[in-house]
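Chemist: The structure's right below; bear with me while I get my questions together.
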Amino acid sequence: MPFGFVNGAYNRASGTLDAFAGLSADLEREGHPPMVSLSGDREPEDQLRIWYERMTLTPNGRKVYGKRVWQGKTWYQIHPDTVGVPDTSNHEKRRSNDLKWPYNDRTTAAHKRARILATRHNITCEGLSFSEAWHWTHWGPIGVIASPAGAGSSMPADPEKKSDPKEHKTMKRLMQIDPKVDGRWFVVDYLAGTAVRQWNGFQLDRCREDIVRGELIELGGPQTPAVIQGLKIING
Ligand SMILES: [Zn+2]
């Protein structure tokens, strides 16, 4: 079993993905479990959402775990888990993964061995410096950034087109959100001729918000697997 992701986690940077896959394979060869990421890349809007969940300007008597300065103001951490200041987290830089057991506990044999093998892959357990033994970071070349699995779904798939406001204005995408197929959501995009899968709940909610705002047009009725088969599958 290779390096994997659960809970909608993903790595879009090829350098990061290859480094973690390589380290995981090295560990497996020595009889340790493969690495599984519970949280990888964070899109800037995800990072902000987590920030607002865990930090506040007004703790109002709630337990405060720490403080951070952002935009010139002191924010109070009211959640036991830390969160990087927006635009500074290595999750946002597509370099980090929060790994599942046994790579979340510095005392396990697998974690100890991973710390040694990690140097070959330009990875360190960065979280050890802030009591998050599950947080591992790749410091090597970032490589190529794959297109998002549905992130920015209201935008044209081609980044060149994004810069053309006229084109963007007339762009209304026809989307079909299908039920889960083998544990993954499918979003079928008729205009682009694609089906996006492996969407997490958050991305799905954003897509639904876009539909409510009229930026996307949702087609009624579930599609048959045959319809999906005729489309290019992104991030499948
Ligand atoms: Zn982390």
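Convention: chains lettered A, B, ... in structure tokens order; per-chain residue numbering from 1; ligands numbered from 1 as shown.
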Near Phe130 of chain A, counting only C-alpha atoms, which residues have an atom at most 10 Å away, once you skip same-chain residues fewer than 4 positions from it, shown as a list in words?
Modeler: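 In the requested form, the answer reads Thr82, Glu126 and His135 of chain A.
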Chemist: Write a file of the just-selected residues containing C-alpha atoms, as an mmCIF file, in the first residue's frame.
Modeler:
data_model
loop_
_atom_site.group_PDB
_atom_site.id
_atom_site.type_symbol
_atom_site.label_atom_id
_atom_site.label_comp_id
_atom_site.auth_asym_id
_atom_site.auth_seq_id
_atom_site.Cartn_x
_atom_site.Cartn_y
_atom_site.Cartn_z
ATOM 1 C CA THR A 82 -2.304 25.413 16.710
ATOM 2 C CA GLU A 126 8.796 20.008 11.687
ATOM 3 C CA HIS A 135 3.299 17.430 11.247
#
Chemist: Let me have all residues with an atom within 12 Å of ligand 1, counting only C-alpha atoms and all ligand atoms, laid out as a count of residues only.
Modeler: 40
Chemist: One decimal, in Å: what's the spacing between atom CA of Gly140 of chain A and atom CA of Ala118 of chain A?
Modeler: 11.5 Å
Chemist: Go through A:His121, A:Lys63, A:Lys112, A:Lys73 one by one, measure the shortest atom-to-atom distance of each to Gly15 of chain A using only C-alpha atoms, and give the residue with the smallest value.
Modeler: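 Distance minimum relative to Gly15 of chain A lands on A:His121.
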Chemist: Name the residues of segment 62-116 of chain A that fall into strand (DSSP E) according to DSSP on the backbone, using the chain letters and numbers of this document, as an NGL selection string.
Modeler: :A and (66-70 or 73-77 or 96-99)
Chemist: For Arg115 of chain A, which residue out of A:Leu23, A:Cys207, A:Leu17, A:Gly143 is the nearest one, using only C-alpha atoms?
Modeler: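 With only C-alpha atoms as the atom set, the closest residue is A:Leu23.
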